[in-house]
$ cat query17.txt   # compact mmCIF, C-alpha atoms
# COMPACT_ATOMS: atom_id res chain seq x y z
CA MET U 1403 -27.64 8.57 -4.01
CA GLU U 1404 -27.72 11.18 -6.73
CA LEU U 1405 -27.34 14.86 -5.91
CA GLU U 1406 -30.66 16.39 -4.83
CA PHE U 1407 -31.73 19.91 -3.99
CA GLU U 1408 -35.27 19.31 -2.77
CA PRO U 1409 -36.79 21.79 -0.32
CA PRO U 1410 -37.60 20.60 3.21
CA TYR U 1411 -41.23 20.14 4.23
CA LEU U 1412 -40.83 22.52 7.18
CA TYR U 1413 -39.51 25.93 6.15
CA PRO U 1414 -40.87 28.45 8.68
CA ASP U 1415 -40.04 31.49 6.51
CA TYR U 1416 -42.82 30.15 4.32
CA ARG U 1417 -45.49 30.38 6.99
CA SER U 1418 -47.96 27.91 5.53
CA THR U 1419 -45.49 25.06 6.03
CA VAL U 1420 -45.70 25.33 9.84
CA LEU U 1421 -49.04 23.53 10.25
CA ARG U 1422 -48.73 21.45 7.10
CA ALA U 1423 -45.30 19.83 7.29
CA PRO U 1424 -45.29 16.30 8.73
CA GLN U 1425 -43.70 16.16 12.19
CA ARG U 1426 -43.19 12.40 12.35
CA PRO U 1427 -40.27 10.89 10.48
CA LEU U 1428 -41.07 9.88 6.91
CA VAL U 1429 -41.13 6.13 6.43
CA ARG U 1430 -38.39 4.90 4.17
CA LEU U 1431 -39.32 2.25 1.63
CA PRO U 1432 -36.74 -0.14 0.21
CA ASP U 1433 -34.24 1.56 -2.11
CA HIS U 1434 -35.41 2.48 -5.57
CA TRP U 1435 -39.00 1.60 -4.83
CA PHE U 1436 -40.37 4.89 -6.18
CA GLU U 1437 -38.02 4.65 -9.15
CA SER U 1438 -39.55 1.33 -10.17
CA ALA U 1439 -43.21 2.07 -9.35
CA PRO U 1440 -44.94 3.09 -12.58
CA GLY U 1441 -45.96 6.74 -12.83
CA PRO U 1442 -49.63 7.71 -12.84
CA ALA U 1443 -51.43 6.87 -16.10
CA PHE U 1444 -52.41 10.43 -17.02
CA GLY U 1445 -54.16 9.45 -20.27
CA ARG U 1446 -57.60 10.59 -19.05
CA ILE U 1447 -56.42 14.20 -18.93
CA PRO U 1448 -57.46 15.73 -22.25
CA VAL U 1449 -54.72 17.42 -24.30
CA ARG U 1450 -55.56 19.33 -27.47
CA PRO U 1451 -52.90 20.92 -29.70
CA GLU U 1452 -54.32 24.41 -29.00
CA ASP U 1453 -53.80 23.91 -25.26
CA ALA U 1454 -50.11 24.77 -25.70
CA ASP U 1455 -50.84 28.34 -26.86
CA LEU U 1456 -52.24 30.36 -23.96
CA THR U 1457 -52.53 33.46 -26.14
CA ARG U 1458 -55.18 31.94 -28.40
CA GLN U 1459 -57.78 30.61 -26.00
CA HIS U 1460 -60.11 33.62 -26.29
CA ALA U 1461 -61.55 35.97 -28.93
CA GLY U 1462 -58.75 38.51 -28.52
CA GLU U 1463 -55.10 38.47 -27.55
CA PRO U 1464 -54.07 38.82 -23.92
CA LEU U 1465 -52.16 41.90 -22.80
CA GLY U 1466 -48.54 41.49 -21.80
CA GLU U 1467 -45.17 40.48 -23.11
CA ARG U 1468 -45.66 37.51 -25.47
CA ILE U 1469 -43.18 34.73 -24.67
CA ILE U 1470 -42.26 31.24 -25.81
CA VAL U 1471 -41.27 28.81 -23.05
CA SER U 1472 -39.67 25.61 -24.25
CA GLY U 1473 -37.19 22.96 -23.18
CA ARG U 1474 -36.71 19.25 -22.73
CA VAL U 1475 -37.91 16.86 -20.06
CA LEU U 1476 -35.01 14.54 -19.21
CA ASP U 1477 -34.50 11.66 -16.81
CA SER U 1478 -31.58 11.55 -14.39
CA ASP U 1479 -29.39 9.97 -17.07
CA GLY U 1480 -30.11 12.89 -19.37
CA ARG U 1481 -32.31 10.82 -21.64
CA PRO U 1482 -35.43 12.47 -23.11
CA VAL U 1483 -38.76 11.59 -21.52
CA ARG U 1484 -41.05 11.22 -24.51
CA GLY U 1485 -44.83 11.60 -24.68
CA THR U 1486 -45.16 12.76 -21.10
CA LEU U 1487 -47.73 15.30 -19.93
CA VAL U 1488 -46.61 18.82 -19.02
CA GLU U 1489 -49.21 21.12 -17.46
CA ILE U 1490 -48.68 24.81 -16.69
CA TRP U 1491 -50.68 27.54 -14.98
CA GLN U 1492 -49.92 31.14 -14.16
CA CYS U 1493 -51.29 34.60 -13.40
CA ASN U 1494 -51.75 37.22 -16.12
CA ALA U 1495 -49.34 40.03 -17.00
CA ALA U 1496 -50.85 42.18 -14.23
CA GLY U 1497 -50.19 39.55 -11.55
CA ARG U 1498 -53.77 38.25 -11.19
CA TYR U 1499 -54.93 34.64 -11.41
CA VAL U 1500 -58.28 33.74 -12.92
CA ASP U 1501 -58.82 31.57 -9.85
CA PRO U 1502 -61.67 33.03 -7.76
CA ALA U 1503 -59.54 32.49 -4.65
CA ASP U 1504 -57.18 35.22 -5.88
CA GLN U 1505 -58.37 38.54 -4.45
CA HIS U 1506 -55.37 40.68 -5.46
CA PRO U 1507 -56.90 43.92 -6.83
CA ALA U 1508 -55.10 43.81 -10.18
CA PRO U 1509 -57.14 43.57 -13.37
CA LEU U 1510 -58.30 40.30 -14.84
CA ASP U 1511 -57.70 39.95 -18.58
CA PRO U 1512 -60.78 38.69 -20.46
CA ASN U 1513 -58.44 37.21 -23.06
CA PHE U 1514 -56.28 35.18 -20.69
CA THR U 1515 -57.03 32.12 -18.60
CA GLY U 1516 -53.46 31.05 -17.88
CA ALA U 1517 -53.65 27.25 -18.12
CA GLY U 1518 -51.96 25.05 -20.72
CA ARG U 1519 -51.01 21.45 -21.43
CA CYS U 1520 -48.89 19.57 -23.92
CA LEU U 1521 -47.15 16.25 -24.43
CA THR U 1522 -43.40 16.08 -24.93
CA ASP U 1523 -42.25 15.09 -28.43
CA ASP U 1524 -39.76 12.40 -29.51
CA GLN U 1525 -36.86 14.49 -28.20
CA GLY U 1526 -38.62 15.10 -24.89
CA ARG U 1527 -39.38 18.70 -25.88
CA TYR U 1528 -42.32 20.79 -24.71
CA ARG U 1529 -43.26 24.24 -26.00
CA PHE U 1530 -45.76 26.83 -24.78
CA VAL U 1531 -46.70 30.28 -26.04
CA THR U 1532 -47.99 32.58 -23.31
CA VAL U 1533 -47.48 36.04 -21.80
CA LYS U 1534 -44.96 36.81 -19.10
CA PRO U 1535 -46.70 36.57 -15.71
CA GLY U 1536 -46.55 39.59 -13.39
CA ALA U 1537 -45.33 39.71 -9.81
CA TYR U 1538 -48.01 39.81 -7.12
CA PRO U 1539 -48.25 40.43 -3.38
CA TRP U 1540 -49.06 37.68 -0.89
CA ARG U 1541 -49.58 37.79 2.83
CA ASN U 1542 -46.71 35.61 4.00
CA HIS U 1543 -44.90 38.53 5.66
CA HIS U 1544 -44.92 42.33 5.47
CA ASN U 1545 -44.66 43.55 1.87
CA ALA U 1546 -44.17 40.04 0.48
CA TRP U 1547 -44.19 39.74 -3.32
CA ARG U 1548 -43.88 36.59 -5.41
CA PRO U 1549 -41.32 36.79 -8.21
CA ALA U 1550 -42.75 36.13 -11.67
CA HIS U 1551 -43.21 32.37 -12.12
CA ILE U 1552 -45.05 29.74 -14.11
CA HIS U 1553 -46.30 26.63 -12.29
CA PHE U 1554 -45.31 23.33 -13.93
CA SER U 1555 -46.61 19.80 -13.41
CA VAL U 1556 -44.73 16.94 -15.12
CA PHE U 1557 -45.47 13.21 -14.94
CA GLY U 1558 -42.53 11.17 -16.20
CA THR U 1559 -42.49 7.39 -16.38
CA ALA U 1560 -42.01 6.41 -12.72
CA LEU U 1561 -43.73 7.61 -9.58
CA ALA U 1562 -40.39 9.06 -8.48
CA GLY U 1563 -40.49 11.37 -11.49
CA ARG U 1564 -43.79 13.06 -10.63
CA LEU U 1565 -42.84 16.71 -10.28
CA VAL U 1566 -44.77 19.85 -9.43
CA THR U 1567 -42.60 22.95 -9.42
CA GLN U 1568 -42.30 26.56 -10.54
CA MET U 1569 -40.22 28.14 -13.30
CA TYR U 1570 -38.76 31.57 -12.64
CA PHE U 1571 -37.35 34.25 -14.96
CA PRO U 1572 -33.71 35.36 -15.11
CA GLY U 1573 -32.67 38.58 -13.41
CA ASP U 1574 -35.75 38.97 -11.19
CA PRO U 1575 -34.77 40.90 -8.03
CA LEU U 1576 -37.74 39.48 -6.11
CA GLN U 1577 -36.19 36.00 -6.06
CA ALA U 1578 -33.74 36.98 -3.32
CA HIS U 1579 -36.67 37.88 -1.04
CA ASP U 1580 -38.98 34.95 -1.80
CA PRO U 1581 -39.16 32.19 0.82
CA ILE U 1582 -40.68 29.67 -1.61
CA PHE U 1583 -37.78 30.07 -4.05
CA ASN U 1584 -35.26 30.13 -1.19
CA SER U 1585 -36.68 26.98 0.42
CA VAL U 1586 -34.24 25.30 -1.98
CA SER U 1587 -31.16 25.91 0.14
CA ASP U 1588 -28.48 25.05 -2.41
CA GLU U 1589 -27.76 27.78 -4.93
CA ARG U 1590 -27.28 25.13 -7.63
CA GLY U 1591 -30.82 23.91 -7.00
CA ARG U 1592 -32.26 27.42 -7.19
CA ARG U 1593 -30.41 27.96 -10.44
CA ARG U 1594 -32.24 24.92 -11.81
CA LEU U 1595 -35.54 26.72 -11.27
CA VAL U 1596 -34.63 29.73 -13.40
CA ALA U 1597 -35.16 29.72 -17.17
CA ALA U 1598 -32.60 31.25 -19.53
CA PHE U 1599 -33.36 33.90 -22.12
CA ASP U 1600 -32.67 32.23 -25.45
CA PRO U 1601 -32.14 34.27 -28.63
CA GLU U 1602 -32.48 31.07 -30.70
CA LEU U 1603 -35.93 30.47 -29.32
CA THR U 1604 -36.91 34.11 -29.68
CA GLU U 1605 -38.99 34.81 -32.79
CA PRO U 1606 -38.28 38.13 -34.55
CA GLU U 1607 -41.11 40.66 -34.41
CA TRP U 1608 -43.13 38.17 -32.36
CA ALA U 1609 -42.05 36.78 -28.98
CA LEU U 1610 -39.14 36.44 -26.53
CA GLY U 1611 -37.90 32.90 -25.95
CA TYR U 1612 -37.08 31.32 -22.59
CA ARG U 1613 -35.48 27.91 -22.35
CA TRP U 1614 -36.02 25.72 -19.32
CA GLU U 1615 -34.82 22.13 -19.03
CA ILE U 1616 -36.60 19.86 -16.57
CA VAL U 1617 -34.79 16.87 -15.05
CA LEU U 1618 -36.94 14.25 -13.36
CA ARG U 1619 -35.77 11.94 -10.61
CA GLY U 1620 -35.16 8.36 -11.57
CA ARG U 1621 -33.93 6.57 -14.61
CA GLN U 1622 -35.98 4.96 -17.31
CA ALA U 1623 -35.57 1.30 -18.07
CA THR U 1624 -32.78 0.80 -20.62
CA PRO U 1625 -34.39 0.05 -23.98
CA ARG U 1626 -33.82 -3.57 -24.89
CA GLU U 1627 -31.45 -4.14 -27.82
CA ALA U 1628 -33.15 -5.64 -30.85
CA MET H 164 -26.69 18.80 -15.73
CA GLU H 165 -26.49 18.13 -12.03
CA GLY H 166 -29.38 16.61 -10.09
CA PRO H 167 -33.12 16.70 -10.69
CA THR H 168 -35.20 19.88 -10.85
CA PRO H 169 -36.36 20.72 -7.30
CA SER H 170 -40.03 20.74 -6.36
CA GLN H 171 -41.98 23.85 -5.44
CA THR H 172 -45.43 24.13 -3.88
CA VAL H 173 -48.51 23.78 -6.08
CA GLY H 174 -49.66 27.05 -4.42
CA PRO H 175 -53.27 28.00 -3.74
CA PHE H 176 -54.38 28.91 -7.27
CA PHE H 177 -54.40 25.65 -9.25
CA GLY H 178 -58.17 25.13 -9.18
CA PHE H 179 -58.80 26.64 -12.61
CA ALA H 180 -56.07 24.56 -14.24
CA MET H 181 -55.45 21.15 -12.70
CA PRO H 182 -58.91 19.59 -12.28
CA PHE H 183 -60.15 17.85 -15.43
CA PRO H 184 -63.58 16.51 -16.40
CA ASP H 185 -64.55 13.55 -14.25
CA GLY H 186 -61.09 13.69 -12.64
CA PRO H 187 -62.11 12.03 -9.36
CA ARG H 188 -63.73 9.08 -11.15
CA ALA H 189 -61.06 6.61 -12.24
CA ASP H 190 -63.46 3.68 -12.67
CA ALA H 191 -67.22 4.23 -12.94
CA GLU H 192 -67.81 0.76 -11.46
CA GLY H 193 -65.51 1.47 -8.55
CA THR H 194 -65.91 2.20 -4.86
CA ARG H 195 -66.53 5.69 -3.54
CA VAL H 196 -63.73 7.00 -1.31
CA GLU H 197 -64.37 10.11 0.80
CA GLY H 198 -62.13 12.01 3.13
CA GLN H 199 -60.83 15.27 4.44
CA VAL H 200 -57.37 16.80 4.53
CA LEU H 201 -56.58 18.38 7.92
CA ASP H 202 -53.65 20.47 9.15
CA GLY H 203 -51.80 20.39 12.47
CA ALA H 204 -54.48 22.52 14.14
CA GLY H 205 -57.17 20.11 12.97
CA GLU H 206 -58.41 22.70 10.48
CA PRO H 207 -59.54 21.64 7.01
CA VAL H 208 -57.07 22.22 4.19
CA PRO H 209 -59.22 23.79 1.45
CA ASP H 210 -56.44 24.08 -1.13
CA ALA H 211 -54.99 20.60 -1.48
CA LEU H 212 -54.80 18.60 -4.68
CA LEU H 213 -54.83 14.81 -4.40
CA GLU H 214 -53.83 12.23 -6.97
CA LEU H 215 -54.57 8.53 -6.71
CA SER H 216 -52.94 5.97 -8.96
CA GLN H 217 -52.31 2.26 -9.28
CA ASP H 218 -52.85 -0.52 -11.77
CA GLY H 219 -53.54 1.83 -14.70
CA GLN H 220 -55.98 3.96 -12.73
CA PHE H 221 -55.46 7.67 -12.27
CA ALA H 222 -57.69 10.18 -10.50
CA ARG H 223 -57.28 13.76 -9.35
CA CYS H 224 -59.42 15.82 -6.97
CA GLY H 225 -59.02 19.22 -5.31
CA THR H 226 -60.34 19.71 -1.78
CA ASP H 227 -63.38 21.92 -1.16
CA PRO H 228 -63.71 24.67 1.49
CA GLU H 229 -64.22 21.93 4.13
CA GLY H 230 -61.04 20.17 3.04
CA ALA H 231 -63.17 17.35 1.63
CA PHE H 232 -62.42 15.20 -1.41
CA HIS H 233 -63.94 12.15 -3.04
CA PHE H 234 -62.87 9.54 -5.56
CA VAL H 235 -64.42 6.59 -7.35
CA VAL H 236 -61.79 3.91 -7.79
CA ARG H 237 -61.62 0.15 -8.07
CA LYS H 238 -59.56 -1.99 -5.77
CA PRO H 239 -56.38 -2.43 -7.81
CA ALA H 240 -54.47 -5.56 -8.63
CA VAL H 241 -51.00 -5.47 -7.08
CA ALA H 242 -47.84 -7.54 -7.11
CA PRO H 243 -47.86 -10.88 -5.25
CA GLY H 244 -47.10 -10.45 -1.56
CA GLU H 245 -48.61 -6.96 -1.40
CA ALA H 246 -52.06 -5.99 -0.17
CA PRO H 247 -54.22 -3.98 -2.58
CA HIS H 248 -53.54 -0.28 -2.18
CA LEU H 249 -53.57 3.02 -4.05
CA GLU H 250 -50.65 5.39 -4.29
CA VAL H 251 -51.75 8.78 -2.98
CA SER H 252 -49.92 12.07 -3.65
CA VAL H 253 -50.86 15.20 -1.71
CA PHE H 254 -50.03 18.64 -3.11
CA ALA H 255 -51.01 21.85 -1.30
CA ARG H 256 -50.12 25.42 -0.50
CA GLY H 257 -47.54 25.15 2.27
CA VAL H 258 -46.38 21.74 1.01
CA LEU H 259 -43.11 22.39 -0.81
CA ARG H 260 -42.85 18.89 -2.22
CA GLN H 261 -45.67 16.38 -2.61
CA LEU H 262 -46.44 14.13 0.32
CA GLN H 263 -46.62 10.50 -0.69
CA THR H 264 -48.83 8.03 1.13
CA ARG H 265 -50.97 4.95 0.44
CA MET H 266 -54.56 3.91 0.96
CA TYR H 267 -55.23 0.28 1.88
CA PHE H 268 -58.63 -1.41 2.02
CA PRO H 269 -60.38 -2.38 5.29
CA ASP H 270 -61.79 -5.67 3.97
CA GLU H 271 -58.30 -7.12 3.33
CA ALA H 272 -57.29 -7.89 6.91
CA GLU H 273 -55.27 -10.96 5.98
CA ALA H 274 -53.40 -9.37 3.08
CA ASN H 275 -52.88 -6.17 5.11
CA ALA H 276 -51.35 -8.20 7.95
CA ALA H 277 -48.78 -9.59 5.52
CA ASP H 278 -48.05 -6.39 3.59
CA PRO H 279 -44.39 -5.36 3.96
CA VAL H 280 -45.03 -1.61 3.66
CA LEU H 281 -47.81 -1.61 6.26
CA ALA H 282 -45.36 -3.45 8.52
CA LEU H 283 -42.84 -0.60 8.08
CA ALA H 284 -45.50 1.83 9.31
CA GLY H 285 -45.51 0.09 12.71
CA ASP H 286 -48.06 1.37 15.22
CA ARG H 287 -49.17 4.08 12.78
CA ARG H 288 -50.31 1.58 10.15
CA GLU H 289 -54.00 2.33 10.80
CA THR H 290 -53.53 5.78 9.25
CA LEU H 291 -53.00 4.02 5.91
CA ILE H 292 -56.15 1.87 6.01
CA ALA H 293 -59.49 3.34 4.93
CA ARG H 294 -62.54 2.56 7.08
CA GLN H 295 -65.91 1.37 5.88
CA ASP H 296 -68.42 4.16 6.37
CA GLN H 297 -71.82 2.98 5.15
CA GLY H 298 -71.63 2.84 1.35
CA ALA H 299 -68.23 4.48 1.02
CA LEU H 300 -64.67 4.17 2.24
CA ARG H 301 -63.47 6.93 4.55
CA PHE H 302 -59.83 8.00 4.28
CA ASP H 303 -58.79 11.16 6.11
CA ILE H 304 -55.34 12.65 5.66
CA HIS H 305 -53.80 14.35 8.70
CA LEU H 306 -50.75 16.38 7.71
CA GLN H 307 -49.73 16.69 11.37
CA GLY H 308 -50.89 15.91 14.88
CA GLU H 309 -51.86 12.93 16.96
CA HIS H 310 -53.26 11.05 13.97
CA GLU H 311 -50.61 12.18 11.50
CA THR H 312 -50.80 10.07 8.35
CA VAL H 313 -47.77 8.00 7.48
CA PHE H 314 -45.90 9.61 4.60
CA PHE H 315 -43.08 7.97 2.69
CA GLU H 316 -39.66 9.29 1.89
CA LEU H 317 -39.54 10.00 -1.82

$ encode --input "query17.txt" --output "structure tokens"
Amino acid sequence: MELEFEPPYLYPDYRSTVLRAPQRPLVRLPDHWFESAPGPAFGRIPVRPEDADLTRQHAGEPLGERIIVSGRVLDSDGRPVRGTLVEIWQCNAAGRYVDPADQHPAPLDPNFTGAGRCLTDDQGRYRFVTVKPGAYPWRNHHNAWRPAHIHFSVFGTALAGRLVTQMYFPGDPLQAHDPIFNSVSDERGRRRLVAAFDPELTEPEWALGYRWEIVLRGRQATPREA
Amino acid sequence: MEGPTPSQTVGPFFGFAMPFPDGPRADAEGTRVEGQVLDGAGEPVPDALLELSQDGQFARCGTDPEGAFHFVVRKPAVAPGEAPHLEVSVFARGVLRQLQTRMYFPDEAEANAADPVLALAGDRRETLIARQDQGALRFDIHLQGEHETVFFEL
């Protein structure tokens, strides 16, 4: 068994888990079953090149700190996962989601939707341009605030690799108080959720760069030798 | 690099980003599947995202305020020895890592009786089999409670 840092289903500090976590034991399938089951064929989800730049989806530019978020999608052997779909969504720089369900009284930005998609390249790389999302309050407990984060959805090649997670920013003091982040009990696992500021990725006079590597569960089939 | 990236909840605010045009319809010629996602209090889960896949099909649907979803999918071809089924992933606010289950078909009694995964589900196997409900298949997902759906260890 490889090292894993997955959160539990029941984590009472995150209140919504209490009525939504299964109470019966999960059924265990034969070993490696999810590693060998093919991942969902996501080809029907449309991906246009402009979907990777969240700052150019409207007539004007969104307010906020312009950032570049990039990294590789790797399998558990560290091999690049090529041509896989990466989807992101986030709130705007003021901490407000476009989603009508979000009632936080912070301003919407007419120039920002906050959703993007791209396919990884031959090195397994993805790259998005966006603005840094703000923190926002939620009603989990008194004075609860979510640290800044970008939601990520990644497919991979096997069902085991299907990953929905959140990327956080380095040095955010709200992380220590956030039950969703802290549902990952092992500090090494939490570290995996935090991007690194990267001067190499940063573009002068333009945007700060954050690097975030994503490692999916499971190994890809070894390519057959010619 | 040690271990895979951990999961985090999809949260409540994915509705403007994750649905895609015709997402619930994997095969226009397929069968309509309808259901509801319910929590441990029997209340509808209005912010779940479901994905169905198998045999080259993929469909995605968010639940509505009544926790309801629908799909149009064909009965997939599967490996010999297995009964036809769809892989079902459930993402939701309050679900820190996706819940993985399966939907089997009610008109496959013989194949279902021989299916090794249904056998592992024991006396809870019925939670994995859709029921015929007039023109559609009905497949409810109970996250908890007396009728808790069987979920698989990922």

$ closest_atom_pairs --input "query17.txt" --of "chain U" --to "chain H" --cutoff "6 Å" --atoms "only C-alpha atoms" --output "CSV"
residue,atom,partner,partner_atom,distance
U:Leu1405,CA,H:Gly166,CA,5.0
U:Glu1406,CA,H:Gly166,CA,5.4
U:Phe1407,CA,H:Pro169,CA,5.7
U:Glu1408,CA,H:Pro169,CA,4.9
U:Tyr1411,CA,H:Leu259,CA,5.8
U:Ser1418,CA,H:Gly257,CA,4.3
U:Thr1419,CA,H:Gly257,CA,4.3
U:Leu1421,CA,H:Gly203,CA,4.7
U:Arg1422,CA,H:Asp202,CA,5.4
U:Pro1424,CA,H:Gln307,CA,5.2
U:Leu1428,CA,H:Phe315,CA,5.0
U:Val1429,CA,H:Phe315,CA,4.6
U:Arg1430,CA,H:Glu316,CA,5.1
U:Pro1442,CA,H:Ser216,CA,5.4
U:Ala1443,CA,H:Phe221,CA,5.6
U:Asp1501,CA,H:Phe179,CA,5.7
U:Ala1517,CA,H:Ala180,CA,5.3
U:Val1566,CA,H:Ser170,CA,5.7
U:Thr1567,CA,H:Gln171,CA,4.1
U:Gln1568,CA,H:Gln171,CA,5.8
U:Arg1594,CA,H:Thr168,CA,5.9
U:Ile1616,CA,H:Thr168,CA,5.9
U:Val1617,CA,H:Pro167,CA,4.7
U:Leu1618,CA,H:Pro167,CA,5.3
U:Arg1619,CA,H:Pro167,CA,5.4

$ axis_aligned_box --input "query17.txt" --around "region 1560-1574 of chain U" --padding-each-side "6 Å" --output "JSON"
{"center_x": -38.7, "center_y": 22.7, "center_z": -11.8, "size_x": 24.1, "size_y": 44.6, "size_z": 18.6}

$ atom_distance --input "query17.txt" --atom1 "CA of Ala1439 (chain U)" --atom2 "CA of Val253 (chain H)"
17.0 Å

$ closest_residue --input "query17.txt" --among "H:Glu197, H:Arg265, H:Ile304, H:Ala274" --to "Leu291 (chain H)" --atoms "only C-alpha atoms"
H:Arg265

$ closest_residue --input "query17.txt" --among "U:Gln1425, U:Ser1478, U:Thr1604, U:Asn1542" --to "Gln1622 (chain U)" --atoms "all atoms listed in the file"
U:Ser1478

$ closest_residue --input "query17.txt" --among "U:Ala1461, U:Glu1602, U:Arg1498, U:Pro1410" --to "Asp1588 (chain U)" --atoms "only C-alpha atoms"
U:Pro1410

$ atom_distance --input "query17.txt" --atom1 "CA of Leu1595 (chain U)" --atom2 "CA of Phe1514 (chain U)"
24.3 Å

$ residues_around --input "query17.txt" --residues "Asp1415 (chain U)" --least-positions-apart "2" --cutoff "7 Å" --atoms "all atoms listed in the file" --output "ChimeraX atom specification"
/U:1413,1417,1581

$ atom_distance --input "query17.txt" --atom1 "CA of His1506 (chain U)" --atom2 "CA of Val1533 (chain U)"
18.7 Å

$ residues_near_point --input "query17.txt" --point "(-51.2, 22.7, -26.6)" --cutoff "12 Å" --atoms "only C-alpha atoms" --output "mmCIF file with C-alpha atoms, in the frame of the given file"
data_model
loop_
_atom_site.group_PDB
_atom_site.id
_atom_site.type_symbol
_atom_site.label_atom_id
_atom_site.label_comp_id
_atom_site.auth_asym_id
_atom_site.auth_seq_id
_atom_site.Cartn_x
_atom_site.Cartn_y
_atom_site.Cartn_z
ATOM 1 C CA PRO U 1448 -57.460 15.730 -22.250
ATOM 2 C CA VAL U 1449 -54.720 17.420 -24.300
ATOM 3 C CA ARG U 1450 -55.560 19.330 -27.470
ATOM 4 C CA PRO U 1451 -52.900 20.920 -29.700
ATOM 5 C CA GLU U 1452 -54.320 24.410 -29.000
ATOM 6 C CA ASP U 1453 -53.800 23.910 -25.260
ATOM 7 C CA ALA U 1454 -50.110 24.770 -25.700
ATOM 8 C CA ASP U 1455 -50.840 28.340 -26.860
ATOM 9 C CA LEU U 1456 -52.240 30.360 -23.960
ATOM 10 C CA THR U 1457 -52.530 33.460 -26.140
ATOM 11 C CA ARG U 1458 -55.180 31.940 -28.400
ATOM 12 C CA GLN U 1459 -57.780 30.610 -26.000
ATOM 13 C CA LEU U 1487 -47.730 15.300 -19.930
ATOM 14 C CA VAL U 1488 -46.610 18.820 -19.020
ATOM 15 C CA GLU U 1489 -49.210 21.120 -17.460
ATOM 16 C CA ILE U 1490 -48.680 24.810 -16.690
ATOM 17 C CA ALA U 1517 -53.650 27.250 -18.120
ATOM 18 C CA GLY U 1518 -51.960 25.050 -20.720
ATOM 19 C CA ARG U 1519 -51.010 21.450 -21.430
ATOM 20 C CA CYS U 1520 -48.890 19.570 -23.920
ATOM 21 C CA LEU U 1521 -47.150 16.250 -24.430
ATOM 22 C CA THR U 1522 -43.400 16.080 -24.930
ATOM 23 C CA ASP U 1523 -42.250 15.090 -28.430
ATOM 24 C CA TYR U 1528 -42.320 20.790 -24.710
ATOM 25 C CA ARG U 1529 -43.260 24.240 -26.000
ATOM 26 C CA PHE U 1530 -45.760 26.830 -24.780
ATOM 27 C CA VAL U 1531 -46.700 30.280 -26.040
ATOM 28 C CA THR U 1532 -47.990 32.580 -23.310
#

$ closest_residue --input "query17.txt" --among "U:Gly1445, U:Gly1466, U:Gly1536, U:Pro1509" --to "Cys1493 (chain U)" --atoms "all atoms listed in the file"
U:Gly1536

$ closest_residue --input "query17.txt" --among "U:Ile1582, U:Ala1550, U:Asp1511, U:Arg1484" --to "Asp1524 (chain U)" --atoms "only C-alpha atoms"
U:Arg1484

$ residues_around --input "query17.txt" --residues "Gly1441 (chain U)" --least-positions-apart "3" --cutoff "10 Å" --atoms "all atoms listed in the file" --output "list in words"
Phe1436, Glu1437, Ser1438, Phe1444, Phe1557, Gly1558, Thr1559, Ala1560, Leu1561, Ala1562, Gly1563 and Arg1564 of chain U; Ser216, Gln217, Gly219, Phe221 and Glu250 of chain H

$ closest_residue --input "query17.txt" --among "H:His310, H:His248, H:His233, H:Arg288" --to "Pro187 (chain H)" --atoms "all atoms listed in the file"
H:His233

$ build_atoms --input "query17.txt" --residues "region 297-306 of chain H" --atoms "N, CA and C atoms" --output "PDB file, in the frame of the given file"
ATOM      1  N   GLN H 297     -70.622   3.267   5.934  1.00  0.00           N
ATOM      2  CA  GLN H 297     -71.820   2.980   5.150  1.00  0.00           C
ATOM      3  C   GLN H 297     -71.415   2.578   3.741  1.00  0.00           C
ATOM      4  N   GLY H 298     -71.894   3.298   2.710  1.00  0.00           N
ATOM      5  CA  GLY H 298     -71.630   2.840   1.350  1.00  0.00           C
ATOM      6  C   GLY H 298     -70.272   3.228   0.794  1.00  0.00           C
ATOM      7  N   ALA H 299     -69.481   3.968   1.566  1.00  0.00           N
ATOM      8  CA  ALA H 299     -68.230   4.480   1.020  1.00  0.00           C
ATOM      9  C   ALA H 299     -67.057   4.095   1.924  1.00  0.00           C
ATOM     10  N   LEU H 300     -65.861   4.296   1.408  1.00  0.00           N
ATOM     11  CA  LEU H 300     -64.670   4.170   2.240  1.00  0.00           C
ATOM     12  C   LEU H 300     -64.285   5.557   2.726  1.00  0.00           C
ATOM     13  N   ARG H 301     -63.856   5.648   3.971  1.00  0.00           N
ATOM     14  CA  ARG H 301     -63.470   6.930   4.550  1.00  0.00           C
ATOM     15  C   ARG H 301     -61.956   6.931   4.727  1.00  0.00           C
ATOM     16  N   PHE H 302     -61.289   7.933   4.170  1.00  0.00           N
ATOM     17  CA  PHE H 302     -59.830   8.000   4.280  1.00  0.00           C
ATOM     18  C   PHE H 302     -59.437   9.454   4.522  1.00  0.00           C
ATOM     19  N   ASP H 303     -59.203   9.792   5.780  1.00  0.00           N
ATOM     20  CA  ASP H 303     -58.790  11.160   6.110  1.00  0.00           C
ATOM     21  C   ASP H 303     -57.275  11.258   6.101  1.00  0.00           C
ATOM     22  N   ILE H 304     -56.784  12.427   5.725  1.00  0.00           N
ATOM     23  CA  ILE H 304     -55.340  12.650   5.660  1.00  0.00           C
ATOM     24  C   ILE H 304     -54.989  13.747   6.649  1.00  0.00           C
ATOM     25  N   HIS H 305     -54.232  13.392   7.680  1.00  0.00           N
ATOM     26  CA  HIS H 305     -53.800  14.350   8.700  1.00  0.00           C
ATOM     27  C   HIS H 305     -52.345  14.716   8.408  1.00  0.00           C
ATOM     28  N   LEU H 306     -52.116  15.972   8.052  1.00  0.00           N
ATOM     29  CA  LEU H 306     -50.750  16.380   7.710  1.00  0.00           C
ATOM     30  C   LEU H 306     -49.848  16.414   8.943  1.00  0.00           C
TER      31      LEU H 306
END
